[in-house]
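See below for upload17.txt, which holds compact mmCIF, C-alpha atoms.
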# COMPACT_ATOMS: atom_id res chain seq x y z
CA MET A 1 0.00 0.00 0.00
CA LEU A 2 1.16 3.59 -0.40
CA ALA A 3 1.41 7.10 0.95
CA ILE A 4 2.78 10.61 0.68
CA HIS A 5 6.01 12.23 1.99
CA SER A 6 7.95 15.44 1.09
CA SER A 7 10.89 17.92 0.80
CA PRO A 8 11.47 21.69 1.38
CA SER A 9 8.75 24.04 0.09
CA LEU A 10 5.98 26.27 1.34
CA LEU A 11 4.78 29.09 -0.84
CA CYS A 12 6.41 30.58 -3.92
CA LEU A 13 4.90 33.78 -5.23
CA ARG A 14 3.33 34.24 -8.65
CA SER A 15 6.04 36.78 -9.55
CA HIS A 16 8.59 33.97 -9.32
CA GLY A 17 6.63 31.86 -11.76
CA LEU A 18 5.88 29.21 -9.15
CA ARG A 19 3.27 28.78 -6.44
CA CYS A 20 3.15 25.81 -4.13
CA LEU A 21 2.00 25.01 -0.62
CA ASP A 22 3.27 21.92 1.12
CA PRO A 23 2.93 21.66 4.89
CA ARG A 24 5.46 18.85 5.07
CA ARG A 25 8.36 21.12 4.19
CA PHE A 26 8.21 24.47 5.91
CA ARG A 27 11.37 26.35 4.96
CA PRO A 28 11.07 30.09 5.79
CA GLU A 29 14.27 30.93 3.91
CA ARG A 30 12.59 29.76 0.70
CA CYS A 31 9.51 31.93 1.10
CA GLY A 32 10.81 35.50 1.22
CA VAL A 33 7.88 37.88 0.88
CA ALA A 34 5.57 34.90 0.87
CA LEU A 35 6.41 34.29 4.52
CA LEU A 36 5.18 37.79 5.30
CA LEU A 37 1.86 37.00 3.62
CA PHE A 38 1.79 33.78 5.61
CA ALA A 39 2.35 35.70 8.82
CA LEU A 40 -0.49 38.09 7.96
CA GLY A 41 -2.86 35.19 7.67
CA GLY A 42 -2.98 34.78 3.89
CA VAL A 43 -2.15 31.07 4.11
CA ALA A 44 -2.36 29.30 7.45
CA CYS A 45 -0.93 25.80 7.65
CA GLY A 46 -1.86 25.16 11.27
CA ASP A 47 -2.24 26.59 14.71
CA SER A 48 -0.27 25.64 17.77
CA ASP A 49 -3.30 26.28 19.97
CA THR A 50 -4.73 22.78 20.07
CA SER A 51 -6.93 23.24 23.13
CA MET A 52 -10.08 22.82 21.03
CA LEU A 53 -9.01 19.58 19.40
CA PRO A 54 -10.85 16.43 20.46
CA SER A 55 -9.06 14.41 23.12
CA THR A 56 -10.85 11.17 22.34
CA GLY A 57 -8.48 8.59 20.97
CA THR A 58 -7.44 5.00 20.95
CA ALA A 59 -4.96 4.56 23.76
CA PRO A 60 -2.11 2.13 23.15
CA ASP A 61 -2.18 -1.10 25.08
CA GLU A 62 -0.37 -0.76 28.38
CA THR A 63 2.66 -2.88 29.12
CA THR A 64 3.16 -5.29 31.99
CA ASP A 65 6.70 -5.84 33.27
CA GLY A 66 8.07 -4.38 30.08
CA GLU A 67 6.27 -6.87 27.82
CA SER A 68 4.50 -5.46 24.77
CA GLN A 69 0.78 -6.13 24.42
CA GLY A 70 0.12 -5.92 20.69
CA PRO A 71 0.85 -3.69 17.71
CA LEU A 72 1.92 -0.09 18.19
CA TYR A 73 2.00 2.66 15.56
CA LEU A 74 3.55 6.10 15.28
CA MET A 75 1.64 9.16 14.11
CA GLY A 76 3.51 12.39 13.34
CA PRO A 77 0.97 15.26 13.51
CA ALA A 78 2.46 18.71 12.98
CA TYR A 79 1.41 22.34 13.35
CA PHE A 80 3.07 24.82 11.02
CA ASN A 81 3.32 28.27 12.56
CA VAL A 82 5.06 31.46 11.44
CA ASP A 83 7.94 31.04 13.88
CA ASP A 84 8.39 27.28 13.94
CA VAL A 85 6.85 23.86 13.42
CA GLU A 86 5.62 21.68 16.28
CA THR A 87 5.83 17.96 15.57
CA TYR A 88 4.25 15.45 17.95
CA LEU A 89 5.21 11.77 18.34
CA VAL A 90 1.89 10.10 19.07
CA THR A 91 1.36 6.35 19.53
CA THR A 92 -1.79 4.36 18.79
CA ALA A 93 -2.69 0.69 19.00
CA THR A 94 -4.62 0.73 15.73
CA PHE A 95 -4.00 1.74 12.15
CA ASP A 96 -7.33 1.27 10.42
CA ALA A 97 -10.65 2.95 9.70
CA ASN A 98 -11.44 3.08 13.45
CA THR A 99 -8.23 4.90 14.38
CA SER A 100 -8.73 8.10 16.39
CA PHE A 101 -6.21 9.99 18.52
CA ASN A 102 -5.37 13.35 20.09
CA PRO A 103 -2.74 14.91 17.76
CA THR A 104 -0.96 16.63 20.67
CA SER A 105 -0.91 13.71 23.11
CA GLY A 106 2.70 12.66 22.45
CA ALA A 107 6.20 14.04 22.89
CA LYS A 108 6.74 17.39 21.15
CA VAL A 109 9.70 18.21 18.90
CA LEU A 110 10.35 21.66 17.46
CA GLY A 111 11.03 22.01 13.77
CA GLU A 112 10.00 20.28 10.58
CA ALA A 113 11.17 16.88 11.70
CA ILE A 114 10.37 13.69 9.82
CA PRO A 115 10.40 10.75 12.26
CA LEU A 116 12.46 7.74 11.16
CA VAL A 117 11.25 4.46 12.63
CA HIS A 118 13.85 1.72 12.97
CA ASP A 119 13.86 -1.38 15.17
CA GLY A 120 11.12 -0.05 17.45
CA SER A 121 12.80 3.33 18.01
CA VAL A 122 12.13 6.76 16.52
CA PHE A 123 14.99 8.96 15.34
CA ILE A 124 14.26 12.62 14.80
CA THR A 125 16.13 15.87 14.15
CA ASP A 126 15.84 19.18 16.02
CA SER A 127 15.59 22.63 14.43
CA ARG A 128 17.52 24.24 17.28
CA ALA A 129 20.78 22.27 17.04
CA PRO A 130 22.61 19.80 14.75
CA VAL A 131 21.42 16.73 16.64
CA ILE A 132 19.50 13.52 16.16
CA ALA A 133 17.44 12.34 19.13
CA ARG A 134 16.29 8.78 19.78
CA PHE A 135 12.91 8.03 21.33
CA ASP A 136 12.07 4.58 22.68
CA VAL A 137 8.74 3.14 23.80
CA GLY A 138 8.36 3.63 27.55
CA ALA A 139 5.64 3.33 30.16
CA ASN A 140 2.08 3.06 28.85
CA ASP A 141 3.53 2.71 25.34
CA GLN A 142 4.44 6.39 25.15
CA LEU A 143 7.59 7.53 23.34
CA VAL A 144 10.32 8.87 25.61
CA LYS A 145 13.54 10.59 24.62
CA VAL A 146 16.44 8.40 25.77
CA ASP A 147 19.49 9.82 23.99
CA GLU A 148 20.73 12.31 21.43
CA LEU A 149 23.78 12.69 19.22
CA SER A 150 25.33 16.04 18.28
CA PHE A 151 27.15 16.52 14.98
CA ALA A 152 28.57 19.91 15.97
CA GLY A 153 31.94 18.33 16.77
CA VAL A 154 32.46 17.41 13.11
CA GLY A 155 31.52 20.85 11.84
CA ILE A 156 27.89 20.30 10.90
CA THR A 157 25.67 23.24 11.84
CA GLU A 158 22.30 21.76 10.83
CA VAL A 159 20.89 18.26 10.45
CA THR A 160 17.71 18.10 8.39
CA SER A 161 15.47 15.06 8.31
CA TRP A 162 15.60 14.53 4.56
CA PHE A 163 19.39 14.15 4.72
CA VAL A 164 19.30 11.28 7.26
CA TYR A 165 19.32 7.60 6.28
CA ILE A 166 19.53 4.54 8.55
CA VAL A 167 21.56 1.78 6.88
CA SER A 168 21.31 -0.84 9.65
CA ASP A 169 20.98 -1.26 13.42
CA THR A 170 24.55 -0.02 13.86
CA LYS A 171 25.00 2.37 10.95
CA GLY A 172 23.37 5.60 9.84
CA TYR A 173 24.29 8.32 7.33
CA VAL A 174 23.94 12.10 7.63
CA PHE A 175 24.56 14.08 4.46
CA ASP A 176 26.30 17.44 4.90
CA PRO A 177 25.63 19.55 1.75
CA ALA A 178 28.05 22.30 2.77
CA GLY A 179 30.88 19.82 3.32
CA ARG A 180 30.07 17.59 0.33
CA ARG A 181 30.33 14.57 2.62
CA ILE A 182 28.45 11.89 4.52
CA VAL A 183 29.09 11.50 8.25
CA VAL A 184 28.59 7.96 9.62
CA TRP A 185 26.98 7.34 13.03
CA ASP A 186 25.73 4.40 15.10
CA PRO A 187 21.98 4.43 15.94
CA SER A 188 22.39 1.70 18.59
CA THR A 189 24.94 3.59 20.68
CA MET A 190 24.14 7.11 19.41
CA THR A 191 27.79 7.84 18.74
CA LEU A 192 29.86 8.96 15.78
CA THR A 193 31.88 6.17 14.21
CA GLY A 194 34.66 8.48 13.02
CA THR A 195 34.06 7.55 9.38
CA GLN A 196 33.25 10.12 6.74
CA ILE A 197 32.61 9.68 3.01
CA ALA A 198 33.99 12.52 0.90
CA LEU A 199 31.87 13.37 -2.15
CA PRO A 200 33.97 15.60 -4.45
CA GLU A 201 32.15 14.10 -7.48
CA LEU A 202 29.06 16.11 -6.48
CA GLU A 203 30.82 19.44 -6.94
CA ARG A 204 29.25 21.72 -9.59
CA ASP A 205 30.31 25.35 -9.79
CA GLY A 206 27.61 27.59 -8.30
CA TRP A 207 25.39 24.69 -7.19
CA THR A 208 24.86 22.91 -3.85
CA PRO A 209 24.23 19.15 -4.05
CA ARG A 210 21.26 17.45 -2.41
CA LEU A 211 21.14 13.71 -1.79
CA ALA A 212 17.56 12.40 -1.85
CA LEU A 213 17.67 10.18 1.25
CA GLU A 214 13.99 10.05 2.22
CA ILE A 215 12.25 6.70 2.15
CA PHE A 216 10.78 7.10 -1.33
CA SER A 217 14.04 8.10 -3.05
CA PRO A 218 17.09 5.80 -2.54
CA TRP A 219 17.11 2.05 -2.94
CA ARG A 220 19.25 -0.83 -1.69
CA ARG A 221 20.67 -3.67 -3.78
CA GLY A 222 22.87 -5.85 -1.65
CA ALA A 223 25.76 -3.84 -0.26
CA GLU A 224 24.98 -0.88 -2.53
CA LEU A 225 22.80 2.14 -1.85
CA VAL A 226 21.69 4.05 -4.96
CA VAL A 227 20.76 7.67 -4.29
CA PRO A 228 19.25 10.30 -6.66
CA ILE A 229 21.05 13.66 -6.69
CA ALA A 230 19.82 17.21 -7.33
CA TRP A 231 21.55 20.59 -7.21
CA THR A 232 20.20 23.93 -5.95
CA GLY A 233 21.42 27.50 -6.44
CA GLN A 234 21.75 30.43 -4.05
CA ASP A 235 18.03 31.23 -4.31
CA GLU A 236 17.01 27.56 -3.89
CA GLU A 237 16.33 27.27 -7.61
CA TYR A 238 16.93 23.80 -9.04
CA ARG A 239 19.44 22.90 -11.70
CA PHE A 240 17.84 21.09 -14.66
CA ALA A 241 19.77 17.84 -14.35
CA ASN A 242 19.70 14.39 -12.75
CA GLY A 243 22.44 12.81 -10.71
CA LEU A 244 22.95 9.32 -9.35
CA LEU A 245 25.34 8.21 -6.59
CA VAL A 246 26.12 4.57 -5.78
CA LEU A 247 27.56 3.90 -2.30
CA ASP A 248 29.05 0.74 -0.83
CA VAL A 249 27.45 0.74 2.63
CA GLU A 250 29.74 -1.98 3.93
CA GLN A 251 32.98 -0.22 2.98
CA ASP A 252 31.49 3.30 3.29
CA GLU A 253 32.84 4.50 -0.02
CA VAL A 254 31.63 5.76 -3.38
CA VAL A 255 31.30 3.09 -6.07
CA THR A 256 30.37 5.37 -8.96
CA SER A 257 28.28 8.40 -9.95
CA ALA A 258 26.35 9.43 -13.05
CA GLU A 259 24.64 12.51 -14.49
CA ASP A 260 21.96 13.16 -17.12
CA GLU A 261 20.67 16.54 -18.37
CA ARG A 262 17.62 15.39 -20.38
CA CYS A 263 15.12 15.95 -17.54
CA GLY A 264 14.68 18.00 -14.41
CA GLU A 265 16.13 16.56 -11.23
CA SER A 266 14.72 13.39 -9.73
CA TYR A 267 13.27 13.14 -6.25
CA MET A 268 11.16 9.98 -5.96
CA SER A 269 11.84 6.52 -7.38
CA VAL A 270 9.46 3.68 -8.23
CA ALA A 271 10.45 0.06 -8.91
CA THR A 272 8.85 -2.26 -11.45
CA PRO A 273 8.51 -6.03 -10.84
CA ASN A 274 11.69 -6.67 -12.89
CA GLY A 275 13.76 -4.37 -10.65
CA ASP A 276 14.06 -1.37 -12.98
CA ARG A 277 13.79 2.03 -11.28
CA TYR A 278 11.97 5.10 -12.59
CA LEU A 279 12.89 8.52 -11.24
CA PHE A 280 10.36 11.36 -10.83
CA PRO A 281 10.48 15.07 -9.92
CA SER A 282 8.56 16.81 -7.14
CA HIS A 283 6.30 19.85 -7.20
CA PHE A 284 8.93 22.29 -5.96
CA SER A 285 11.09 21.78 -9.04
CA SER A 286 8.77 20.47 -11.76
CA ALA A 287 6.56 23.55 -11.71
CA GLN A 288 9.60 25.82 -11.74
CA HIS A 289 11.06 24.09 -14.80
CA PHE A 290 7.76 23.93 -16.68
CA PHE A 291 6.27 27.36 -15.98
CA ALA A 292 9.21 29.61 -15.12
CA ASP A 293 12.18 28.03 -16.91
CA GLN A 294 10.08 26.86 -19.88
CA HIS A 295 11.92 23.57 -20.21
CA GLY A 296 8.87 21.90 -21.72
CA PRO A 297 7.21 18.61 -20.74
CA THR A 298 8.14 16.92 -17.47
CA CYS A 299 10.00 13.70 -18.17
CA VAL A 300 10.95 10.55 -16.25
CA LEU A 301 14.23 8.64 -16.53
CA ARG A 302 14.98 4.96 -15.93
CA VAL A 303 17.81 3.02 -14.31
CA ARG A 304 17.89 -0.62 -15.41
CA ASN A 305 18.06 -3.32 -12.75
CA GLY A 306 21.65 -3.72 -11.58
CA GLU A 307 22.97 -0.74 -13.57
CA SER A 308 24.41 2.48 -12.21
CA THR A 309 23.67 4.92 -15.05
CA PHE A 310 20.53 6.32 -16.64
CA ASP A 311 19.11 4.37 -19.57
CA PRO A 312 20.05 6.50 -22.62
CA ASP A 313 17.23 5.01 -24.70
CA TYR A 314 14.36 5.70 -22.31
CA GLN A 315 12.49 8.91 -21.52
CA LEU A 316 8.83 9.03 -20.40
CA ASP A 317 6.76 12.16 -21.09
CA LEU A 318 4.85 12.40 -17.81
CA SER A 319 3.10 15.64 -18.78
CA ALA A 320 1.45 14.02 -21.80
CA LEU A 321 0.04 11.24 -19.60
CA GLY A 322 -1.86 13.76 -17.47
CA THR A 323 -3.12 17.24 -18.26
CA GLY A 324 -0.21 18.13 -20.54
CA SER A 325 1.22 20.48 -17.92
CA ALA A 326 3.92 20.23 -15.23
CA ALA A 327 3.90 16.77 -13.67
CA ILE A 328 5.06 15.29 -10.37
CA GLY A 329 5.16 11.86 -8.74
CA ALA A 330 5.15 9.19 -7.88
CA VAL A 331 3.35 6.75 -5.59
CA PRO A 332 3.77 3.06 -6.53
CA ASP A 333 0.58 1.01 -6.65
CA GLY A 334 2.37 -2.22 -5.66
CA ILE A 335 1.36 -4.23 -8.74
CA GLY A 336 3.08 -2.57 -11.72
CA GLY A 337 2.08 1.05 -11.94
CA PHE A 338 2.08 4.34 -10.09
CA PHE A 339 0.01 7.37 -9.17
CA PHE A 340 1.22 10.81 -10.24
CA ALA A 341 -0.11 14.35 -10.56
CA THR A 342 -0.16 17.05 -13.23
CA ALA A 343 -1.05 20.71 -12.90
CA ASP A 344 -4.42 22.00 -14.05
CA GLU A 345 -3.41 25.22 -15.81
CA GLN A 346 -6.84 26.82 -15.38
CA LEU A 347 -6.52 26.39 -11.63
CA TRP A 348 -2.86 27.45 -11.79
CA ASN A 349 -3.82 30.74 -13.43
CA LEU A 350 -6.51 31.68 -10.92
CA PRO A 351 -5.21 34.82 -9.10
CA GLU A 352 -6.65 33.61 -5.79
CA ASN A 353 -5.05 30.15 -6.02
CA ASN A 354 -1.91 31.00 -4.08
CA ASP A 355 -2.48 27.98 -1.85
CA GLY A 356 -1.30 25.77 -4.70
CA VAL A 357 -4.39 23.59 -5.09
CA PHE A 358 -3.97 22.68 -8.75
CA TRP A 359 -2.40 19.19 -8.92
CA LYS A 360 -4.71 16.44 -10.21
CA LEU A 361 -3.96 12.75 -9.68
CA SER A 362 -3.73 10.08 -12.37
CA HIS A 363 -2.62 6.45 -12.55
CA TYR A 364 -0.15 4.90 -15.01
CA ASP A 365 0.22 1.21 -15.83
CA PHE A 366 3.64 0.00 -17.02
CA ALA A 367 2.29 -3.05 -18.83
CA THR A 368 -0.26 -1.23 -21.00
CA GLU A 369 1.60 2.10 -21.04
CA THR A 370 -1.68 3.91 -20.44
CA ALA A 371 -2.84 6.48 -17.90
CA ARG A 372 -6.22 7.42 -16.47
CA PRO A 373 -7.35 10.32 -14.25
CA ILE A 374 -8.36 9.54 -10.67
CA GLU A 375 -11.65 11.43 -10.56
CA SER A 376 -12.50 10.35 -7.01
CA MET A 377 -9.44 12.02 -5.47
CA PRO A 378 -9.31 15.71 -4.45
CA THR A 379 -7.16 18.26 -6.23
CA TRP A 380 -3.74 18.25 -4.56
CA SER A 381 -1.79 21.16 -3.04
CA GLY A 382 1.64 19.52 -3.23
CA SER A 383 3.55 16.39 -4.14
CA PRO A 384 1.90 13.02 -3.63
CA TYR A 385 4.12 11.19 -1.12
CA TYR A 386 3.93 7.72 0.32
CA VAL A 387 4.75 6.39 3.78
CA ASP A 388 5.76 2.89 4.85
CA VAL A 389 3.80 1.48 7.78
CA GLY A 390 4.65 -2.11 8.62
CA GLY A 391 5.82 -2.85 5.09
CA GLU A 392 2.74 -1.40 3.40
CA PHE A 393 2.43 1.98 1.71
CA TYR A 394 -0.19 4.66 2.34
CA LEU A 395 -0.93 8.03 0.83
CA PRO A 396 -1.33 11.02 3.22
CA TYR A 397 -3.32 13.96 1.87
CA TRP A 398 -3.26 17.37 3.56
CA ARG A 399 -5.69 20.18 2.96
CA GLN A 400 -6.80 23.40 4.54
CA THR A 401 -10.47 23.46 5.51
CA PRO A 402 -12.71 26.48 4.73
CA ASP A 403 -12.38 27.67 8.33
CA GLY A 404 -8.57 27.65 8.07
CA ALA A 405 -7.84 24.42 9.95
CA SER A 406 -5.41 21.73 8.80
CA LEU A 407 -6.80 18.30 8.01
CA THR A 408 -4.81 15.19 7.10
CA THR A 409 -6.52 12.16 5.58
CA LEU A 410 -4.61 8.91 5.15
CA TYR A 411 -5.55 6.90 2.06
CA ALA A 412 -5.15 3.15 1.66
CA LEU A 413 -3.94 1.87 -1.71
CA HIS A 414 -5.55 -1.00 -3.57
CA GLY A 415 -3.31 -1.62 -6.56
CA ALA A 416 -4.46 0.28 -9.63
CA ASP A 417 -7.90 1.00 -8.11
CA ASP A 418 -8.69 4.40 -6.67
CA PRO A 419 -7.23 4.96 -3.18
CA SER A 420 -9.77 4.98 -0.33
CA PRO A 421 -9.75 7.15 2.82
CA LEU A 422 -8.69 5.31 5.98
CA PHE A 423 -8.80 7.92 8.79
CA SER A 424 -8.34 11.66 9.34
CA PHE A 425 -7.05 14.03 12.03
CA GLU A 426 -6.98 17.79 12.55
CA ALA A 427 -3.35 18.64 11.91
CA SER A 428 -0.72 18.48 9.22
CA TRP A 429 1.69 15.55 9.21
CA THR A 430 5.37 14.67 9.03
CA GLY A 431 5.37 10.88 9.14
CA PHE A 432 3.89 7.54 10.17
CA GLY A 433 5.35 4.14 11.08
CA GLN A 434 4.95 0.87 12.94
CA LEU A 435 6.89 0.52 16.19
CA ARG A 436 6.02 -3.14 16.80

Write the structure described by the file as structure tokens, please.
Amino acid sequence: MLAIHSSPSLLCLRSHGLRCLDPRRFRPERCGVALLLFALGGVACGDSDTSMLPSTGTAPDETTDGESQGPLYLMGPAYFNVDDVETYLVTTATFDANTSFNPTSGAKVLGEAIPLVHDGSVFITDSRAPVIARFDVGANDQLVKVDELSFAGVGITEVTSWFVYIVSDTKGYVFDPAGRRIVVWDPSTMTLTGTQIALPELERDGWTPRLALEIFSPWRRGAELVVPIAWTGQDEEYRFANGLLVLDVEQDEVVTSAEDERCGESYMSVATPNGDRYLFPSHFSSAQHFFADQHGPTCVLRVRNGESTFDPDYQLDLSALGTGSAAIGAVPDGIGGFFFATADEQLWNLPENNDGVFWKLSHYDFATETARPIESMPTWSGSPYYVDVGGEFYLPYWRQTPDGASLTTLYALHGADDPSPLFSFEASWTGFGQLR
């Protein structure tokens, strides 16, 4: 099953040729004047005053003598405010149509922090310092902070969630864009290992590299980790190019790298049953390239199973499969296709549509090479992401209600059929997962 995740982006003004609202990636430095409009109430992503939210919820099963009493799930509700983001680590015993919980009932973390669930623990960054904190399940199945690791000693000034990847129980990676390096750490002991991977091959004059390390981007094949690469400029604009980095996670070294300038940069990847990988852009670059940079149709590249370069003979016109406009994706359907979105240009051109609600979902089938619109789904305000909960994928959808509140609905995926709503809560979101 499938879901929705994200990367940095909030609101880009019409004068910049791009408008987008995505509550999963609140980056004030990318908003400029838009942040001022946000502060004045033009676009509200959430409200930290949660006193009016319902407190009814499904309490996790209590523990007896430290023994777990059934499944336990993580919810990551978030409230996006002008000054900061409040992320809550909430636990529930259910993950189905009957799930209900208080979005502020768990531990609170400041900043746009995407929780990483690994081996029953939650690892999360902090906007105030270059640290990763570990939360374990404690009394009454509530998450409790038990340790944290600072990266200040190796010269890193900020650790962002989308640059963190857990390789194994004893190995994690943190990408440092400024240092063009990966710093290796141990999640089990919350210590630095002393190993660093230098990445001089990512250097491009005037551009800062970004390794796509969120769950829907890199993929493992044995001892190798294959990671899509993008580059951004001083104003957070995206270079029109794709990169690929192959790492040996046992030796902690670069195997090879590749680059392709036929399409805009890749962000998400989807696998086919034969192991091929298809790489897709997100809303915060696709719209820029299509509308502002006038690069033409959005395209998708392929990496053949076992290969480490882009297939020179393959290029999929994603725009043509949807509305003909800027396209983004993708969410795998689990059987041989994917869901994606294209911009509705009539909605894009509406002067009042600065909240970015103009992305319409479609489905593509690899076998038949055909696409169809998903009429039952709402118009999207950002990239479709997917989350992994217990080995199944789900699609989170965020929207702003007419009264200005944030509402997240999680959709279950049923192959190529239309997704169906599972449960909702009054907040934005940063992540989900299964703790046991």

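Taking CA of Trp359 in chain A as the reference point, CA of Thr379 in chain A is found at 5.5 Å.
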
Hey, which bits of range 118-219 of chain A sit within 12 Å of range 66-86 of chain A, and for each residue what's the closest pair of atoms and how far apart in Å (one decimal), counting all atoms listed in the file, rows by chain and increasing number, as a tab-separated table?
residue	atom	partner	partner_atom	distance
A:His118	CA	A:Leu74	CA	11.4
A:Gly120	CA	A:Leu72	CA	9.2
A:Ser121	CA	A:Leu74	CA	10.0
A:Val122	CA	A:Leu74	CA	8.7
A:Phe123	CA	A:Leu74	CA	11.8
A:Ile124	CA	A:Gly76	CA	10.9
A:Asp126	CA	A:Val85	CA	10.5
A:Ser127	CA	A:Asp84	CA	8.6
A:Arg128	CA	A:Asp84	CA	10.2
A:Phe135	CA	A:Leu74	CA	11.3
A:Asp136	CA	A:Leu74	CA	11.4
A:Val137	CA	A:Leu72	CA	9.4
A:Gly138	CA	A:Gly66	CA	8.4
A:Ala139	CA	A:Gly66	CA	8.1
A:Asn140	CA	A:Gly66	CA	9.6
A:Asp141	CA	A:Leu72	CA	7.8
A:Gln142	CA	A:Leu72	CA	9.8
A:Leu143	CA	A:Leu74	CA	9.1

Mind pulling up the distance from CA of Ser217 in chain A to CA of His414 in chain A?
21.6 Å

Distance CA of Gly233 in chain A-CA of Asp205 in chain A, one decimal place?
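Result for CA of Gly233 in chain A versus CA of Asp205 in chain A: 9.7 Å, one decimal.
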
A:Gly322, A:His363, A:Asp313, A:Ile182 ranked by distance to Val254 in chain A, top pick (using all atoms listed in the file):
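Of A:Gly322, A:His363, A:Asp313, A:Ile182, the one nearest Val254 in chain A is A:Ile182, counting all atoms listed in the file.
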
Distance criterion (all atoms listed in the file): nearest to Leu279 in chain A out of A:Pro103, A:Gly329, A:Pro419, A:Pro177:
A:Gly329

For the point (22.8, 2.2, 14.9) in the file's frame, write as a compact mmCIF listing (two decimals) with C-alpha atoms, in the frame of the given file all residues with an atom no more than 10 Å away, counting all atoms listed in the file.
# COMPACT_ATOMS: atom_id res chain seq x y z
CA HIS A 118 13.85 1.72 12.97
CA ASP A 119 13.86 -1.38 15.17
CA ILE A 166 19.53 4.54 8.55
CA VAL A 167 21.56 1.78 6.88
CA SER A 168 21.31 -0.84 9.65
CA ASP A 169 20.98 -1.26 13.42
CA THR A 170 24.55 -0.02 13.86
CA LYS A 171 25.00 2.37 10.95
CA GLY A 172 23.37 5.60 9.84
CA TYR A 173 24.29 8.32 7.33
CA VAL A 184 28.59 7.96 9.62
CA TRP A 185 26.98 7.34 13.03
CA ASP A 186 25.73 4.40 15.10
CA PRO A 187 21.98 4.43 15.94
CA SER A 188 22.39 1.70 18.59
CA THR A 189 24.94 3.59 20.68
CA MET A 190 24.14 7.11 19.41
CA THR A 191 27.79 7.84 18.74
CA LEU A 192 29.86 8.96 15.78
CA THR A 193 31.88 6.17 14.21

Produce the centre coordinates and the three edge lengths, each in Å to one decimal, of the box along x, y and z that contains all listed atoms of range 403-419 of chain A with 4 Å added on each side, as lines of an AutoDock Vina configuration file.
center_x = -7.8
center_y = 13.0
center_z = 0.2
size_x = 17.1
size_y = 37.3
size_z = 27.6

With all atoms listed in the file as the atoms that count, which of A:Ser406, A:Ser381, A:Gln251, A:Ser266 lies nearest to Arg302 in chain A?
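Looking at the shortest contact to Arg302 in chain A, the residue is A:Ser266.
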
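Within 7 Å of the point (-10.7, 7.9, -5.2) in file coordinates, and counting all atoms listed in the file, lie the residues Ile374, Glu375, Ser376, Met377, Asp418, Pro419 and Ser420 of chain A.
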
What would range 424-436 of chain A look like with N, CA and C atoms in place, written as a short mmCIF file (atom, residue, chain, number, x, y, z; two decimals), in the frame of the given file?
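Below is the file part25.cif, written as the result:
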data_model
loop_
_atom_site.label_atom_id
_atom_site.label_comp_id
_atom_site.auth_asym_id
_atom_site.auth_seq_id
_atom_site.Cartn_x
_atom_site.Cartn_y
_atom_site.Cartn_z
N SER A 424 -8.75 10.25 9.42
CA SER A 424 -8.34 11.66 9.34
C SER A 424 -8.04 12.20 10.73
N PHE A 425 -7.28 13.32 10.78
CA PHE A 425 -7.05 14.03 12.03
C PHE A 425 -6.80 15.50 11.74
N GLU A 426 -7.06 16.35 12.73
CA GLU A 426 -6.98 17.79 12.55
C GLU A 426 -5.57 18.30 12.82
N ALA A 427 -4.73 18.15 11.85
CA ALA A 427 -3.35 18.64 11.91
C ALA A 427 -2.71 18.36 10.57
N SER A 428 -1.52 18.90 10.36
CA SER A 428 -0.72 18.48 9.22
C SER A 428 0.00 17.21 9.63
N TRP A 429 1.03 16.80 8.88
CA TRP A 429 1.69 15.55 9.21
C TRP A 429 3.15 15.62 8.78
N THR A 430 3.99 14.81 9.45
CA THR A 430 5.37 14.67 9.03
C THR A 430 5.76 13.21 8.81
N GLY A 431 5.01 12.27 9.37
CA GLY A 431 5.37 10.88 9.14
C GLY A 431 4.47 9.91 9.89
N PHE A 432 4.61 8.63 9.53
CA PHE A 432 3.89 7.54 10.17
C PHE A 432 4.85 6.33 10.23
N GLY A 433 4.52 5.34 11.03
CA GLY A 433 5.35 4.14 11.08
C GLY A 433 4.79 3.13 12.04
N GLN A 434 5.33 1.92 12.01
CA GLN A 434 4.95 0.87 12.94
C GLN A 434 6.12 0.60 13.88
N LEU A 435 5.86 0.71 15.18
CA LEU A 435 6.89 0.52 16.19
C LEU A 435 7.05 -0.94 16.58
N ARG A 436 5.95 -1.70 16.54
CA ARG A 436 6.02 -3.14 16.80
C ARG A 436 4.78 -3.82 16.22
#
